[in-house]
>>> print(open('my_file_12.csv').read())   # CSV, N, CA and C atoms
chain,number,residue,atom,x,y,z
F,1,MET,N,214.7,47.2,155.6
F,1,MET,CA,213.4,47.7,155.5
F,1,MET,C,212.4,46.9,156.4
F,2,ASP,N,211.7,47.6,157.3
F,2,ASP,CA,210.8,46.9,158.2
F,2,ASP,C,209.4,46.8,157.5
F,3,ILE,N,208.8,45.7,157.5
F,3,ILE,CA,207.5,45.5,157.0
F,3,ILE,C,206.5,45.6,158.2
F,4,GLN,N,205.6,46.5,158.1
F,4,GLN,CA,204.6,46.7,159.2
F,4,GLN,C,203.3,46.0,158.9
F,5,ASP,N,202.7,45.6,159.9
F,5,ASP,CA,201.3,45.0,159.8
F,5,ASP,C,200.4,46.0,159.2
F,6,HIS,N,199.3,45.6,158.6
F,6,HIS,CA,198.3,46.5,158.0
F,6,HIS,C,197.6,47.2,159.1
F,7,GLU,N,197.5,46.6,160.3
F,7,GLU,CA,196.7,47.2,161.3
F,7,GLU,C,197.5,47.8,162.4
F,8,PRO,N,197.2,49.0,162.9
F,8,PRO,CA,198.0,49.5,164.0
F,8,PRO,C,198.0,48.6,165.2
F,9,SER,N,199.0,48.5,166.0
F,9,SER,CA,199.1,47.6,167.1
F,9,SER,C,198.2,48.0,168.2
F,10,ASP,N,197.6,49.2,168.2
F,10,ASP,CA,196.8,49.7,169.3
F,10,ASP,C,195.3,49.3,169.1
F,11,ILE,N,195.0,48.7,167.9
F,11,ILE,CA,193.6,48.3,167.6
F,11,ILE,C,193.4,46.9,168.2
F,12,LYS,N,192.8,46.8,169.3
F,12,LYS,CA,192.6,45.5,170.0
F,12,LYS,C,191.1,45.2,170.0
F,13,TRP,N,190.7,43.9,170.2
F,13,TRP,CA,189.3,43.5,170.3
F,13,TRP,C,188.8,44.1,171.6
F,14,ILE,N,187.5,44.5,171.5
F,14,ILE,CA,186.8,45.1,172.6
F,14,ILE,C,186.6,44.1,173.8
F,15,GLY,N,186.6,42.8,173.4
F,15,GLY,CA,186.5,41.8,174.5
F,15,GLY,C,185.1,41.3,174.7
F,16,LYS,N,184.1,41.8,174.0
F,16,LYS,CA,182.7,41.3,174.1
F,16,LYS,C,182.1,41.5,172.7
F,17,TYR,N,181.0,40.8,172.5
F,17,TYR,CA,180.3,40.8,171.2
F,17,TYR,C,179.1,41.7,171.4
F,18,LEU,N,179.0,42.7,170.5
F,18,LEU,CA,177.8,43.6,170.5
F,18,LEU,C,177.0,43.3,169.3
F,19,ASP,N,175.7,43.5,169.4
F,19,ASP,CA,174.8,43.4,168.2
F,19,ASP,C,175.0,44.7,167.5
F,20,GLU,N,174.3,44.8,166.3
F,20,GLU,CA,174.5,46.0,165.5
F,20,GLU,C,174.2,47.3,166.2
F,21,ASP,N,173.0,47.3,166.9
F,21,ASP,CA,172.7,48.5,167.7
F,21,ASP,C,173.7,48.9,168.7
F,22,GLY,N,174.3,47.9,169.4
F,22,GLY,CA,175.3,48.1,170.4
F,22,GLY,C,176.6,48.7,169.7
F,23,VAL,N,177.0,48.1,168.6
F,23,VAL,CA,178.2,48.6,167.9
F,23,VAL,C,178.0,50.1,167.5
F,24,VAL,N,176.9,50.4,166.9
F,24,VAL,CA,176.6,51.8,166.5
F,24,VAL,C,176.6,52.7,167.7
F,25,ALA,N,175.9,52.3,168.7
F,25,ALA,CA,175.9,53.2,169.9
F,25,ALA,C,177.3,53.4,170.5
F,26,ASP,N,178.1,52.4,170.5
F,26,ASP,CA,179.5,52.5,171.1
F,26,ASP,C,180.3,53.4,170.2
F,27,ILE,N,180.3,53.2,168.9
F,27,ILE,CA,181.1,54.1,168.0
F,27,ILE,C,180.6,55.5,168.1
F,28,VAL,N,179.3,55.7,168.1
F,28,VAL,CA,178.8,57.1,168.2
F,28,VAL,C,179.3,57.8,169.5
F,29,GLU,N,179.3,57.1,170.6
F,29,GLU,CA,179.8,57.7,171.8
F,29,GLU,C,181.3,58.0,171.8
F,30,ARG,N,182.0,57.1,171.2
F,30,ARG,CA,183.5,57.3,171.0
F,30,ARG,C,183.8,58.5,170.1
F,31,VAL,N,183.1,58.5,169.0
F,31,VAL,CA,183.4,59.6,168.1
F,31,VAL,C,182.9,61.0,168.6
F,32,LYS,N,181.7,61.0,169.2
F,32,LYS,CA,181.1,62.2,169.8
F,32,LYS,C,182.1,62.9,170.8
F,33,ALA,N,182.9,62.1,171.4
F,33,ALA,CA,183.9,62.7,172.4
F,33,ALA,C,184.9,63.6,171.8
F,34,ASP,N,185.0,63.6,170.5
F,34,ASP,CA,186.0,64.4,169.8
F,34,ASP,C,185.4,65.1,168.6
F,35,ALA,N,185.2,66.5,168.8
F,35,ALA,CA,184.5,67.3,167.8
F,35,ALA,C,185.2,67.2,166.4
F,36,VAL,N,186.5,67.1,166.4
F,36,VAL,CA,187.2,67.0,165.1
F,36,VAL,C,186.8,65.6,164.4
F,37,ALA,N,186.8,64.6,165.2
F,37,ALA,CA,186.4,63.3,164.7
F,37,ALA,C,185.0,63.3,164.1
F,38,VAL,N,184.1,63.9,164.8
F,38,VAL,CA,182.7,64.0,164.3
F,38,VAL,C,182.7,64.7,162.9
F,39,LYS,N,183.4,65.8,162.7
F,39,LYS,CA,183.5,66.4,161.4
F,39,LYS,C,184.1,65.6,160.3
F,40,ARG,N,185.2,64.9,160.7
F,40,ARG,CA,185.9,64.0,159.7
F,40,ARG,C,185.0,62.9,159.3
F,41,TRP,N,184.2,62.3,160.2
F,41,TRP,CA,183.3,61.2,159.8
F,41,TRP,C,182.3,61.7,158.8
F,42,LEU,N,182.0,63.0,158.7
F,42,LEU,CA,181.0,63.5,157.9
F,42,LEU,C,181.5,64.1,156.6
F,43,VAL,N,182.8,64.1,156.4
F,43,VAL,CA,183.5,64.7,155.2
F,43,VAL,C,183.8,63.5,154.3
F,44,PRO,N,183.3,63.4,153.1
F,44,PRO,CA,183.6,62.3,152.1
F,44,PRO,C,185.1,62.1,151.9
F,45,ARG,N,185.9,63.2,151.9
F,45,ARG,CA,187.4,63.0,151.6
F,45,ARG,C,188.1,62.2,152.7
F,46,SER,N,187.5,62.1,153.9
F,46,SER,CA,188.1,61.3,154.9
F,46,SER,C,188.0,59.8,154.6
F,47,TRP,N,187.1,59.4,153.8
F,47,TRP,CA,186.9,58.0,153.6
F,47,TRP,C,187.7,57.3,152.5
F,48,GLY,N,188.3,58.1,151.7
F,48,GLY,CA,189.1,57.5,150.6
F,48,GLY,C,190.3,58.4,150.2
F,49,PHE,N,191.3,57.8,149.7
F,49,PHE,CA,192.5,58.6,149.3
F,49,PHE,C,192.7,58.4,147.8
F,50,PRO,N,192.5,59.4,147.0
F,50,PRO,CA,192.7,59.3,145.6
F,50,PRO,C,194.1,59.2,145.2
F,51,LEU,N,194.6,58.0,144.9
F,51,LEU,CA,196.0,57.7,144.6
F,51,LEU,C,196.4,58.1,143.2
F,52,HIS,N,195.4,58.4,142.3
F,52,HIS,CA,195.7,58.7,140.9
F,52,HIS,C,195.9,60.2,140.7
F,53,LEU,N,196.0,61.0,141.7
F,53,LEU,CA,196.2,62.5,141.5
F,53,LEU,C,197.6,62.8,141.2
F,54,SER,N,197.8,63.9,140.6
F,54,SER,CA,199.2,64.5,140.3
F,54,SER,C,199.7,65.0,141.7
F,55,SER,N,201.0,65.2,141.7
F,55,SER,CA,201.6,65.7,143.0
F,55,SER,C,201.0,67.1,143.4
F,56,GLU,N,200.7,67.9,142.4
F,56,GLU,CA,200.1,69.2,142.6
F,56,GLU,C,198.7,69.1,143.2
F,57,SER,N,197.9,68.2,142.7
F,57,SER,CA,196.6,67.9,143.2
F,57,SER,C,196.6,67.3,144.6
F,58,MET,N,197.6,66.5,144.8
F,58,MET,CA,197.8,65.9,146.1
F,58,MET,C,198.0,67.0,147.2
F,59,LYS,N,198.7,68.0,146.9
F,59,LYS,CA,199.0,69.1,147.8
F,59,LYS,C,197.7,69.8,148.2
F,60,ALA,N,196.8,69.8,147.3
F,60,ALA,CA,195.5,70.5,147.5
F,60,ALA,C,194.5,69.7,148.4
F,61,LEU,N,194.8,68.5,148.7
F,61,LEU,CA,193.9,67.7,149.5
F,61,LEU,C,194.0,68.1,151.0
F,62,PRO,N,192.9,68.0,151.7
F,62,PRO,CA,193.0,68.3,153.1
F,62,PRO,C,193.9,67.3,153.8
F,63,GLU,N,194.5,67.7,154.9
F,63,GLU,CA,195.4,66.8,155.6
F,63,GLU,C,194.7,65.6,156.1
F,64,HIS,N,193.4,65.6,156.3
F,64,HIS,CA,192.7,64.4,156.8
F,64,HIS,C,192.2,63.4,155.7
F,65,ALA,N,192.6,63.7,154.4
F,65,ALA,CA,192.1,62.9,153.3
F,65,ALA,C,192.5,61.5,153.5
F,66,GLY,N,191.5,60.6,153.5
F,66,GLY,CA,191.8,59.1,153.6
F,66,GLY,C,192.0,58.7,155.1
F,67,CYS,N,191.8,59.5,156.1
F,67,CYS,CA,192.1,59.1,157.4
F,67,CYS,C,191.2,58.0,157.9
F,68,LEU,N,190.0,57.8,157.3
F,68,LEU,CA,189.1,56.8,157.7
F,68,LEU,C,189.0,55.6,156.7
F,69,MET,N,189.9,55.6,155.8
F,69,MET,CA,189.8,54.6,154.7
F,69,MET,C,189.9,53.2,155.2
F,70,PHE,N,190.4,52.9,156.4
F,70,PHE,CA,190.5,51.6,157.0
F,70,PHE,C,189.5,51.4,158.2
F,71,ALA,N,188.6,52.4,158.3
F,71,ALA,CA,187.7,52.3,159.4
F,71,ALA,C,186.9,51.0,159.5
F,72,ALA,N,186.4,50.5,158.3
F,72,ALA,CA,185.6,49.3,158.3
F,72,ALA,C,186.4,48.1,158.8
F,73,MET,N,187.6,48.0,158.3
F,73,MET,CA,188.5,46.9,158.8
F,73,MET,C,188.7,47.0,160.3
F,74,ASN,N,189.0,48.2,160.8
F,74,ASN,CA,189.2,48.4,162.2
F,74,ASN,C,188.0,48.1,163.0
F,75,ILE,N,186.8,48.4,162.5
F,75,ILE,CA,185.6,48.1,163.2
F,75,ILE,C,185.4,46.6,163.3
F,76,ARG,N,185.7,45.9,162.2
F,76,ARG,CA,185.5,44.4,162.2
F,76,ARG,C,186.5,43.8,163.2
F,77,ASN,N,187.7,44.3,163.3
F,77,ASN,CA,188.7,43.7,164.2
F,77,ASN,C,188.4,44.1,165.6
F,78,PHE,N,188.0,45.4,165.9
F,78,PHE,CA,187.8,45.9,167.3
F,78,PHE,C,186.6,45.2,167.9
F,79,TYR,N,185.6,44.9,167.1
F,79,TYR,CA,184.3,44.3,167.6
F,79,TYR,C,184.3,42.8,167.4
F,80,GLY,N,185.4,42.2,167.0
F,80,GLY,CA,185.5,40.8,166.9
F,80,GLY,C,184.6,40.2,165.9
F,81,MET,N,184.3,40.9,164.8
F,81,MET,CA,183.3,40.4,163.8
F,81,MET,C,183.8,39.2,163.0
F,82,TRP,N,185.1,38.9,163.0
F,82,TRP,CA,185.5,37.7,162.3
F,82,TRP,C,185.6,36.5,163.2
F,83,HIS,N,185.4,36.7,164.5
F,83,HIS,CA,185.5,35.6,165.4
F,83,HIS,C,184.4,34.6,165.2
F,84,ALA,N,184.8,33.3,165.1
F,84,ALA,CA,183.8,32.2,164.8
F,84,ALA,C,182.7,32.2,165.8
F,85,ASP,N,182.9,32.6,167.1
F,85,ASP,CA,181.9,32.5,168.1
F,85,ASP,C,181.1,33.8,168.3
F,86,ASN,N,181.3,34.7,167.4
F,86,ASN,CA,180.5,36.0,167.5
F,86,ASN,C,179.1,35.6,167.0
F,87,PRO,N,178.1,35.8,167.9
F,87,PRO,CA,176.7,35.4,167.5
F,87,PRO,C,176.0,36.3,166.5
F,88,HIS,N,176.6,37.5,166.3
F,88,HIS,CA,176.0,38.5,165.4
F,88,HIS,C,176.5,38.5,164.0
F,89,THR,N,177.6,37.8,163.7
F,89,THR,CA,178.1,37.8,162.4
F,89,THR,C,178.3,36.4,161.9
F,90,GLU,N,178.5,36.2,160.7
F,90,GLU,CA,178.7,34.9,160.1
F,90,GLU,C,179.7,35.0,158.9
F,91,ALA,N,180.8,34.3,159.0
F,91,ALA,CA,181.8,34.4,157.9
F,91,ALA,C,181.7,33.2,157.0
F,92,GLU,N,181.0,32.2,157.4
F,92,GLU,CA,180.9,30.9,156.6
F,92,GLU,C,179.4,30.7,156.4
F,93,ASP,N,179.1,29.9,155.4
F,93,ASP,CA,177.7,29.6,155.1
F,93,ASP,C,176.8,30.9,154.9
F,94,VAL,N,177.4,31.8,154.1
F,94,VAL,CA,176.7,33.1,153.8
F,94,VAL,C,175.9,33.0,152.5
F,95,GLU,N,174.9,33.9,152.5
F,95,GLU,CA,174.2,34.1,151.2
F,95,GLU,C,175.0,34.7,150.2
F,96,ILE,N,175.1,34.2,149.0
F,96,ILE,CA,175.8,34.7,147.9
F,96,ILE,C,174.9,34.8,146.7
F,97,THR,N,174.7,36.0,146.1
F,97,THR,CA,173.9,36.2,145.0
F,97,THR,C,174.7,36.7,143.8
F,98,ASP,N,174.7,36.0,142.7
F,98,ASP,CA,175.5,36.3,141.5
F,98,ASP,C,176.9,36.6,141.8
F,99,GLY,N,177.5,35.8,142.7
F,99,GLY,CA,178.9,35.9,143.1
F,99,GLY,C,179.2,37.0,144.1
F,100,ILE,N,178.2,37.7,144.6
F,100,ILE,CA,178.4,38.8,145.6
F,100,ILE,C,177.8,38.3,146.9
F,101,VAL,N,178.6,38.5,148.0
F,101,VAL,CA,178.1,38.1,149.3
F,101,VAL,C,177.1,39.2,149.7
F,102,THR,N,175.8,38.7,149.8
F,102,THR,CA,174.7,39.6,150.2
F,102,THR,C,174.2,39.4,151.6
F,103,ASP,N,174.8,38.4,152.3
F,103,ASP,CA,174.3,38.1,153.6
F,103,ASP,C,174.6,39.2,154.6
F,104,PRO,N,173.5,39.8,155.3
F,104,PRO,CA,173.7,40.9,156.2
F,104,PRO,C,174.6,40.5,157.4
F,105,ARG,N,174.8,39.2,157.7
F,105,ARG,CA,175.5,38.8,158.8
F,105,ARG,C,177.0,38.7,158.5
F,106,HIS,N,177.4,38.9,157.3
F,106,HIS,CA,178.8,38.8,156.9
F,106,HIS,C,179.5,40.0,157.5
F,107,PRO,N,180.7,39.9,158.1
F,107,PRO,CA,181.4,41.0,158.7
F,107,PRO,C,181.6,42.2,157.9
F,108,ASP,N,181.8,42.1,156.6
F,108,ASP,CA,182.0,43.2,155.7
F,108,ASP,C,180.7,44.0,155.6
F,109,ASN,N,179.6,43.3,155.3
F,109,ASN,CA,178.3,43.9,155.2
F,109,ASN,C,177.9,44.6,156.5
F,110,PHE,N,178.1,43.8,157.6
F,110,PHE,CA,177.8,44.3,158.9
F,110,PHE,C,178.5,45.7,159.2
F,111,SER,N,179.8,45.7,159.0
F,111,SER,CA,180.6,46.9,159.3
F,111,SER,C,180.2,48.1,158.4
F,112,PHE,N,179.9,47.8,157.1
F,112,PHE,CA,179.6,48.9,156.2
F,112,PHE,C,178.2,49.5,156.6
F,113,ARG,N,177.3,48.6,157.1
F,113,ARG,CA,176.0,49.1,157.6
F,113,ARG,C,176.2,49.9,158.8
F,114,VAL,N,177.0,49.5,159.7
F,114,VAL,CA,177.3,50.2,160.9
F,114,VAL,C,177.8,51.6,160.6
F,115,ILE,N,178.8,51.7,159.7
F,115,ILE,CA,179.3,53.0,159.3
F,115,ILE,C,178.2,53.9,158.8
F,116,ALA,N,177.4,53.4,157.9
F,116,ALA,CA,176.3,54.3,157.4
F,116,ALA,C,175.4,54.8,158.6
F,117,ARG,N,175.1,53.9,159.5
F,117,ARG,CA,174.2,54.3,160.6
F,117,ARG,C,174.9,55.3,161.5
F,118,VAL,N,176.2,55.1,161.8
F,118,VAL,CA,177.0,56.1,162.6
F,118,VAL,C,177.0,57.4,161.9
F,119,LYS,N,177.3,57.5,160.6
F,119,LYS,CA,177.2,58.7,159.9
F,119,LYS,C,175.9,59.4,160.0
F,120,ALA,N,174.8,58.7,159.9
F,120,ALA,CA,173.5,59.2,160.1
F,120,ALA,C,173.2,59.8,161.5
F,121,GLU,N,173.7,59.1,162.5
F,121,GLU,CA,173.6,59.7,163.8
F,121,GLU,C,174.4,60.9,164.0
F,122,LEU,N,175.6,60.9,163.5
F,122,LEU,CA,176.5,62.0,163.7
F,122,LEU,C,176.0,63.3,162.9
F,123,ALA,N,175.4,63.0,161.8
F,123,ALA,CA,174.8,64.1,161.0
F,123,ALA,C,173.7,64.8,161.7
F,124,LYS,N,173.0,64.1,162.6
F,124,LYS,CA,172.0,64.8,163.5
F,124,LYS,C,172.7,65.8,164.4
F,125,LEU,N,173.9,65.5,164.8
F,125,LEU,CA,174.6,66.4,165.7
F,125,LEU,C,175.2,67.6,165.0
F,126,VAL,N,175.5,67.5,163.7
F,126,VAL,CA,176.1,68.6,162.9
F,126,VAL,C,175.3,68.6,161.6
F,127,PRO,N,174.1,69.1,161.6
F,127,PRO,CA,173.2,69.0,160.4
F,127,PRO,C,173.8,69.8,159.2
F,128,GLU,N,174.5,70.9,159.5
F,128,GLU,CA,175.1,71.6,158.3
F,128,GLU,C,176.2,70.9,157.6
F,129,ALA,N,176.8,69.9,158.2
F,129,ALA,CA,177.9,69.1,157.6
F,129,ALA,C,177.3,68.0,156.7
F,130,ALA,N,176.1,67.6,156.9
F,130,ALA,CA,175.5,66.5,156.2
F,130,ALA,C,175.1,66.8,154.8
>>> encode(input="my_file_12.csv", output="structure tokens")
Amino acid sequence: MDIQDHEPSDIKWIGKYLDEDGVVADIVERVKADAVAVKRWLVPRSWGFPLHLSSESMKALPEHAGCLMFAAMNIRNFYGMWHADNPHTEAEDVEITDGIVTDPRHPDNFSFRVIARVKAELAKLVPEAA
């Protein structure tokens, strides 16, 4: 049995560090190039895969269910958000409140904020989907 890495091998670092506005703009442009991708970004079923469903309920799911469940991880990797020399993110010395990382510079918080902003921009393109 082969054990595969969590990340597809075609997800590589973009090679430069973008600020939040730059990451949002870059992702919007990439997603806008594919009408199907735009729609999937705006459908909640694309963002998570319910593993607790019965096999009959699983058959009723759309084929794209969960297709974006690893988008935040891929964004962090593609834009080098975990790199120590990225001036826009911070993985050490972060603000923690009641045991929760609240620092907006943390790669997790940064990528989730980017996703929300990208969804908002895409919703302007397809208002009936929002």
>>> atom_distance(input="my_file_12.csv", atom1="atom N of F:Val38", atom2="atom C of F:Lys119")
10.5 Å
>>> atom_distance(input="my_file_12.csv", atom1="atom C of F:Ala37", atom2="atom N of F:Ala60")
21.5 Å
>>> select_by_dssp(input="my_file_12.csv", residues="stretch 99-129 of chain F", states="helix (DSSP H, G or I)", output="JSON, numbers by chain")
{"F": [107, 108, 109, 110, 111, 112, 113, 114, 115, 116, 117, 118, 119, 120, 121, 122, 123, 124, 125, 127, 128, 129]}
>>> residues_near_point(input="my_file_12.csv", point="(177.7, 67.7, 157.1)", cutoff="8 Å", atoms="all atoms listed in the file", output="list in words")
Lys39, Trp41, Leu42, Val43, Leu122, Ala123, Val126, Pro127, Glu128, Ala129 and Ala130 of chain F
>>> atom_distance(input="my_file_12.csv", atom1="atom CA of F:Asn77", atom2="atom C of F:Ala35")
23.9 Å
>>> closest_residue(input="my_file_12.csv", among="F:Glu29, F:Glu90, F:Asp85, F:Glu63", to="F:Asp108", atoms="only N, CA and C atoms")
F:Glu90
>>> select_by_dssp(input="my_file_12.csv", residues="chain F", states="strand (DSSP E)", output="VMD selection string")
chain F and resid 96 to 97 100 to 101
>>> closest_residue(input="my_file_12.csv", among="F:Ile115, F:Val36, F:Val23, F:Val101", to="F:Tyr79", atoms="only N, CA and C atoms")
F:Val23
>>> residues_around(input="my_file_12.csv", residues="stretch 92-96 of chain F", least_positions_apart="4", cutoff="8 Å", atoms="all atoms listed in the file", output="mmCIF file with N, CA and C atoms, in the frame of the given file")
data_model
loop_
_atom_site.group_PDB
_atom_site.id
_atom_site.type_symbol
_atom_site.label_atom_id
_atom_site.label_comp_id
_atom_site.auth_asym_id
_atom_site.auth_seq_id
_atom_site.Cartn_x
_atom_site.Cartn_y
_atom_site.Cartn_z
ATOM 1 N N ALA F 84 184.800 33.300 165.100
ATOM 2 C CA ALA F 84 183.800 32.200 164.800
ATOM 3 C C ALA F 84 182.700 32.200 165.800
ATOM 4 N N ILE F 100 178.200 37.700 144.600
ATOM 5 C CA ILE F 100 178.400 38.800 145.600
ATOM 6 C C ILE F 100 177.800 38.300 146.900
ATOM 7 N N VAL F 101 178.600 38.500 148.000
ATOM 8 C CA VAL F 101 178.100 38.100 149.300
ATOM 9 C C VAL F 101 177.100 39.200 149.700
ATOM 10 N N THR F 102 175.800 38.700 149.800
ATOM 11 C CA THR F 102 174.700 39.600 150.200
ATOM 12 C C THR F 102 174.200 39.400 151.600
ATOM 13 N N ASP F 103 174.800 38.400 152.300
ATOM 14 C CA ASP F 103 174.300 38.100 153.600
ATOM 15 C C ASP F 103 174.600 39.200 154.600
ATOM 16 N N PRO F 104 173.500 39.800 155.300
ATOM 17 C CA PRO F 104 173.700 40.900 156.200
ATOM 18 C C PRO F 104 174.600 40.500 157.400
ATOM 19 N N ARG F 105 174.800 39.200 157.700
ATOM 20 C CA ARG F 105 175.500 38.800 158.800
ATOM 21 C C ARG F 105 177.000 38.700 158.500
ATOM 22 N N HIS F 106 177.400 38.900 157.300
ATOM 23 C CA HIS F 106 178.800 38.800 156.900
ATOM 24 C C HIS F 106 179.500 40.000 157.500
ATOM 25 N N PRO F 107 180.700 39.900 158.100
ATOM 26 C CA PRO F 107 181.400 41.000 158.700
ATOM 27 C C PRO F 107 181.600 42.200 157.900
#
